[in-house]
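Undergrad: Pasting a structure below so you can have a look.
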Amino acid sequence: MKQSIFKFKALALSAVFAGIAFSGAVQANGAKDGTMSMPDYKQWDTFLSGIEKKSGHIRDIYINDIGAKAQKGQPFANGTVTVMEIYGASGTAGSMTKGELQKVFVMYKNAGNGKHAPAGLQTGDWTYSAFDGKGNKLDTGYDGCRSCHLPLTTADYIFHYDKYFANR
């Protein structure tokens with residue numbers, strides 16, 4: 001009995017430390033853009049995949065278990081993480097071929113996230129991080145991310161919100 005309690009406590013502590021490692025510099029007053037580490041997302045649910053862009057890119061989006069529990073018409077819960085992979089692509093619209101992974105963008109929702117954003121660019125409780133195709137953090141400004149997501153207030157600042165729920 002003592003041994004199984006010890007194993008449970010060890011597993012619980014591992015989960016806590018994994019959460020701390022992912023959250024990076026998450027603070028009680030919210031995380032700042034660019035402070036998150038790359039999550040291990042490849043086993044997460046696919047939010048959408050094969051999104052072709054005229055710019056010659058294909059995007060695949062993943063969502064963690066917390067976010068996958070969301071219900072249509074409701075905002076995503078605190079703790080939701082989405083990851084968007086951006087691949088180079090060749091071919092024409094409708095029949096593009098995925099190339100090399102170029103960038104990975106992460107959105108993380110938690111109470112207080114985003115309040116460090118510049119005035120007029122707050123996207124609720126979301127914060128952002130960016131990585132190159134090899135997982136190295138990118139030194140980038142996040143105003144571009146925020147300005148693109150800003151109009152999506154009715155979709156909890158998430159692109160393809162309606163399509164995601166229609167395809168589930």
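As shown in the structure tokens, the chain order sets the letters A, B, ...; within each chain, residues go from 1, and ligands are also counted from 1 in the order they appear.
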DSSP on the backbone, then: every residue of region 5-133 of chain A marked helix (DSSP H, G or I), written as a VMD selection string.

TA: chain A and resid 5 to 23 65 to 68

Undergrad: Could you take the residues named above and write them with N, CA and C atoms, as a PDB file, in the first residue's frame?

TA:
ATOM      1  N   ILE A   5       1.180   4.262  -2.898  1.00  0.00           N
ATOM      2  CA  ILE A   5       0.991   5.680  -2.573  1.00  0.00           C
ATOM      3  C   ILE A   5       2.217   6.465  -3.015  1.00  0.00           C
ATOM      4  N   PHE A   6       3.412   5.898  -2.768  1.00  0.00           N
ATOM      5  CA  PHE A   6       4.635   6.554  -3.188  1.00  0.00           C
ATOM      6  C   PHE A   6       4.659   6.725  -4.707  1.00  0.00           C
ATOM      7  N   LYS A   7       4.276   5.673  -5.449  1.00  0.00           N
ATOM      8  CA  LYS A   7       4.257   5.752  -6.915  1.00  0.00           C
ATOM      9  C   LYS A   7       3.266   6.815  -7.368  1.00  0.00           C
ATOM     10  N   PHE A   8       2.109   6.892  -6.728  1.00  0.00           N
ATOM     11  CA  PHE A   8       1.114   7.894  -7.083  1.00  0.00           C
ATOM     12  C   PHE A   8       1.673   9.297  -6.864  1.00  0.00           C
ATOM     13  N   LYS A   9       2.306   9.512  -5.702  1.00  0.00           N
ATOM     14  CA  LYS A   9       2.882  10.831  -5.414  1.00  0.00           C
ATOM     15  C   LYS A   9       3.969  11.179  -6.415  1.00  0.00           C
ATOM     16  N   ALA A  10       4.796  10.198  -6.777  1.00  0.00           N
ATOM     17  CA  ALA A  10       5.859  10.440  -7.754  1.00  0.00           C
ATOM     18  C   ALA A  10       5.265  10.814  -9.114  1.00  0.00           C
ATOM     19  N   LEU A  11       4.210  10.118  -9.527  1.00  0.00           N
ATOM     20  CA  LEU A  11       3.549  10.452 -10.788  1.00  0.00           C
ATOM     21  C   LEU A  11       2.934  11.842 -10.733  1.00  0.00           C
ATOM     22  N   ALA A  12       2.313  12.173  -9.624  1.00  0.00           N
ATOM     23  CA  ALA A  12       1.700  13.495  -9.477  1.00  0.00           C
ATOM     24  C   ALA A  12       2.762  14.589  -9.553  1.00  0.00           C
ATOM     25  N   LEU A  13       3.897  14.384  -8.881  1.00  0.00           N
ATOM     26  CA  LEU A  13       4.973  15.366  -8.946  1.00  0.00           C
ATOM     27  C   LEU A  13       5.534  15.477 -10.350  1.00  0.00           C
ATOM     28  N   SER A  14       5.658  14.361 -11.062  1.00  0.00           N
ATOM     29  CA  SER A  14       6.128  14.394 -12.445  1.00  0.00           C
ATOM     30  C   SER A  14       5.200  15.244 -13.302  1.00  0.00           C
ATOM     31  N   ALA A  15       3.903  15.090 -13.101  1.00  0.00           N
ATOM     32  CA  ALA A  15       2.932  15.873 -13.870  1.00  0.00           C
ATOM     33  C   ALA A  15       3.060  17.357 -13.558  1.00  0.00           C
ATOM     34  N   VAL A  16       3.264  17.680 -12.291  1.00  0.00           N
ATOM     35  CA  VAL A  16       3.443  19.087 -11.902  1.00  0.00           C
ATOM     36  C   VAL A  16       4.685  19.655 -12.570  1.00  0.00           C
ATOM     37  N   PHE A  17       5.809  18.921 -12.495  1.00  0.00           N
ATOM     38  CA  PHE A  17       7.036  19.422 -13.090  1.00  0.00           C
ATOM     39  C   PHE A  17       6.927  19.516 -14.606  1.00  0.00           C
ATOM     40  N   ALA A  18       6.228  18.599 -15.237  1.00  0.00           N
ATOM     41  CA  ALA A  18       6.016  18.680 -16.687  1.00  0.00           C
ATOM     42  C   ALA A  18       5.225  19.925 -17.023  1.00  0.00           C
ATOM     43  N   GLY A  19       4.220  20.241 -16.226  1.00  0.00           N
ATOM     44  CA  GLY A  19       3.429  21.461 -16.451  1.00  0.00           C
ATOM     45  C   GLY A  19       4.276  22.704 -16.288  1.00  0.00           C
ATOM     46  N   ILE A  20       5.157  22.700 -15.304  1.00  0.00           N
ATOM     47  CA  ILE A  20       6.032  23.852 -15.097  1.00  0.00           C
ATOM     48  C   ILE A  20       6.993  23.982 -16.272  1.00  0.00           C
ATOM     49  N   ALA A  21       7.549  22.874 -16.739  1.00  0.00           N
ATOM     50  CA  ALA A  21       8.474  22.932 -17.868  1.00  0.00           C
ATOM     51  C   ALA A  21       7.780  23.466 -19.107  1.00  0.00           C
ATOM     52  N   PHE A  22       6.542  23.051 -19.357  1.00  0.00           N
ATOM     53  CA  PHE A  22       5.823  23.544 -20.523  1.00  0.00           C
ATOM     54  C   PHE A  22       5.522  25.011 -20.392  1.00  0.00           C
ATOM     55  N   SER A  23       5.055  25.413 -19.231  1.00  0.00           N
ATOM     56  CA  SER A  23       4.571  26.779 -19.087  1.00  0.00           C
ATOM     57  C   SER A  23       5.690  27.802 -19.129  1.00  0.00           C
ATOM     58  N   ASP A  65      -5.783  18.018 -24.794  1.00  0.00           N
ATOM     59  CA  ASP A  65      -6.988  17.373 -24.255  1.00  0.00           C
ATOM     60  C   ASP A  65      -7.958  18.368 -23.629  1.00  0.00           C
ATOM     61  N   ILE A  66      -7.430  19.377 -22.963  1.00  0.00           N
ATOM     62  CA  ILE A  66      -8.303  20.369 -22.328  1.00  0.00           C
ATOM     63  C   ILE A  66      -9.117  21.094 -23.391  1.00  0.00           C
ATOM     64  N   GLY A  67      -8.454  21.551 -24.434  1.00  0.00           N
ATOM     65  CA  GLY A  67      -9.146  22.260 -25.506  1.00  0.00           C
ATOM     66  C   GLY A  67     -10.102  21.375 -26.281  1.00  0.00           C
ATOM     67  N   ALA A  68      -9.753  20.098 -26.440  1.00  0.00           N
ATOM     68  CA  ALA A  68     -10.593  19.171 -27.205  1.00  0.00           C
ATOM     69  C   ALA A  68     -11.928  18.907 -26.516  1.00  0.00           C
TER      70      ALA A  68
END

Undergrad: Might you pull out every residue within 10 Å of Asn113 (chain A), with only C-alpha atoms counted and same-chain residues fewer than 2 positions away left off, and present them as a ChimeraX atom specification?

TA: /A:26-33,78,108-111,115-117,122-128

Undergrad: List as JSON lines every residue of region 29-56 of chain A that is in contact with region 130-153 of chain A, defined as an atom at most 10 Å from one of its atoms (using only C-alpha atoms), together with the nearest atom pair and the distance in Å rounded to one decimal, sorted by chain and then rising number.

TA:
{"residue": "A:Asp33", "atom": "CA", "partner": "A:Tyr142", "partner_atom": "CA", "distance": 6.8}
{"residue": "A:Gly34", "atom": "CA", "partner": "A:Ala130", "partner_atom": "CA", "distance": 6.7}
{"residue": "A:Thr35", "atom": "CA", "partner": "A:Lys137", "partner_atom": "CA", "distance": 9.2}
{"residue": "A:Met36", "atom": "CA", "partner": "A:Ala130", "partner_atom": "CA", "distance": 8.8}
{"residue": "A:Ser37", "atom": "CA", "partner": "A:Lys137", "partner_atom": "CA", "distance": 8.0}
{"residue": "A:Met38", "atom": "CA", "partner": "A:Gly135", "partner_atom": "CA", "distance": 6.8}
{"residue": "A:Pro39", "atom": "CA", "partner": "A:Gly135", "partner_atom": "CA", "distance": 9.8}

Undergrad: Please, could you write that set of residues out with N, CA and C atoms as an mmCIF file, in the first residue's frame?

TA:
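Generated output (result-v6.cif):
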data_model
loop_
_atom_site.group_PDB
_atom_site.id
_atom_site.type_symbol
_atom_site.label_atom_id
_atom_site.label_comp_id
_atom_site.auth_asym_id
_atom_site.auth_seq_id
_atom_site.Cartn_x
_atom_site.Cartn_y
_atom_site.Cartn_z
ATOM 1 N N ASP A 33 4.055 36.747 -23.989
ATOM 2 C CA ASP A 33 4.337 36.136 -25.282
ATOM 3 C C ASP A 33 5.796 35.716 -25.355
ATOM 4 N N GLY A 34 6.023 34.558 -25.980
ATOM 5 C CA GLY A 34 7.377 34.077 -26.197
ATOM 6 C C GLY A 34 8.001 33.351 -25.032
ATOM 7 N N THR A 35 7.268 33.155 -23.932
ATOM 8 C CA THR A 35 7.874 32.526 -22.753
ATOM 9 C C THR A 35 7.608 31.026 -22.662
ATOM 10 N N MET A 36 6.752 30.500 -23.511
ATOM 11 C CA MET A 36 6.421 29.075 -23.422
ATOM 12 C C MET A 36 7.470 28.224 -24.114
ATOM 13 N N SER A 37 7.644 27.030 -23.612
ATOM 14 C CA SER A 37 8.477 26.030 -24.256
ATOM 15 C C SER A 37 7.625 25.287 -25.272
ATOM 16 N N MET A 38 8.282 24.608 -26.180
ATOM 17 C CA MET A 38 7.570 23.802 -27.173
ATOM 18 C C MET A 38 6.926 22.603 -26.475
ATOM 19 N N PRO A 39 5.599 22.473 -26.572
ATOM 20 C CA PRO A 39 4.957 21.298 -25.960
ATOM 21 C C PRO A 39 5.185 20.049 -26.812
#

Undergrad: So which one's closest to Ile158 (chain A), A:Leu101, A:Met96, A:Ala119, A:Val106? Using only C-alpha atoms, please.

TA: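 Among the listed residues, the smallest separation from Ile158 (chain A) belongs to A:Val106.
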
Undergrad: Just give me the gap between CA of Tyr41 (chain A) and CA of Lys69 (chain A) in Å, one decimal is fine.

TA: 16.0 Å

Undergrad: Write out as a ChimeraX atom specification the set of residues from region 44-144 of chain A that DSSP, computed on the backbone, places in strand (DSSP E or B).

TA: /A:45-53,57-63,81-90,97-109,126-132,137

Undergrad: I'd like the neighbourhood of Gly88 (chain A) as a ChimeraX atom specification, where a residue qualifies if any of its atoms comes within 9 Å (using only C-alpha atoms), though same-chain residues fewer than 2 positions away should be ignored.

TA: /A:56-59,86,90,97-102

Undergrad: Compare A:Thr154, A:Ser129, A:Thr82, A:Gln74 by their minimum atom-to-atom distance to Leu48 (chain A), counting only C-alpha atoms, and give me the closest one.

TA: A:Thr82

Undergrad: If we count only C-alpha atoms, what is near Ser49 (chain A) at a cut-off of 10 Å, once residues fewer than 4 positions away on the same chain are taken out, given as a compact mmCIF listing (two decimals) with C-alpha atoms, in the first residue's frame?

TA:
# COMPACT_ATOMS: atom_id res chain seq x y z
CA ILE A 58 0.16 24.04 -45.64
CA ARG A 59 -0.91 24.25 -42.01
CA ASP A 60 -1.72 21.50 -39.53
CA ILE A 61 -3.21 22.46 -36.17
CA TYR A 62 -3.30 20.36 -32.99
CA MET A 84 0.06 25.22 -35.64
CA GLU A 85 2.71 23.71 -37.87
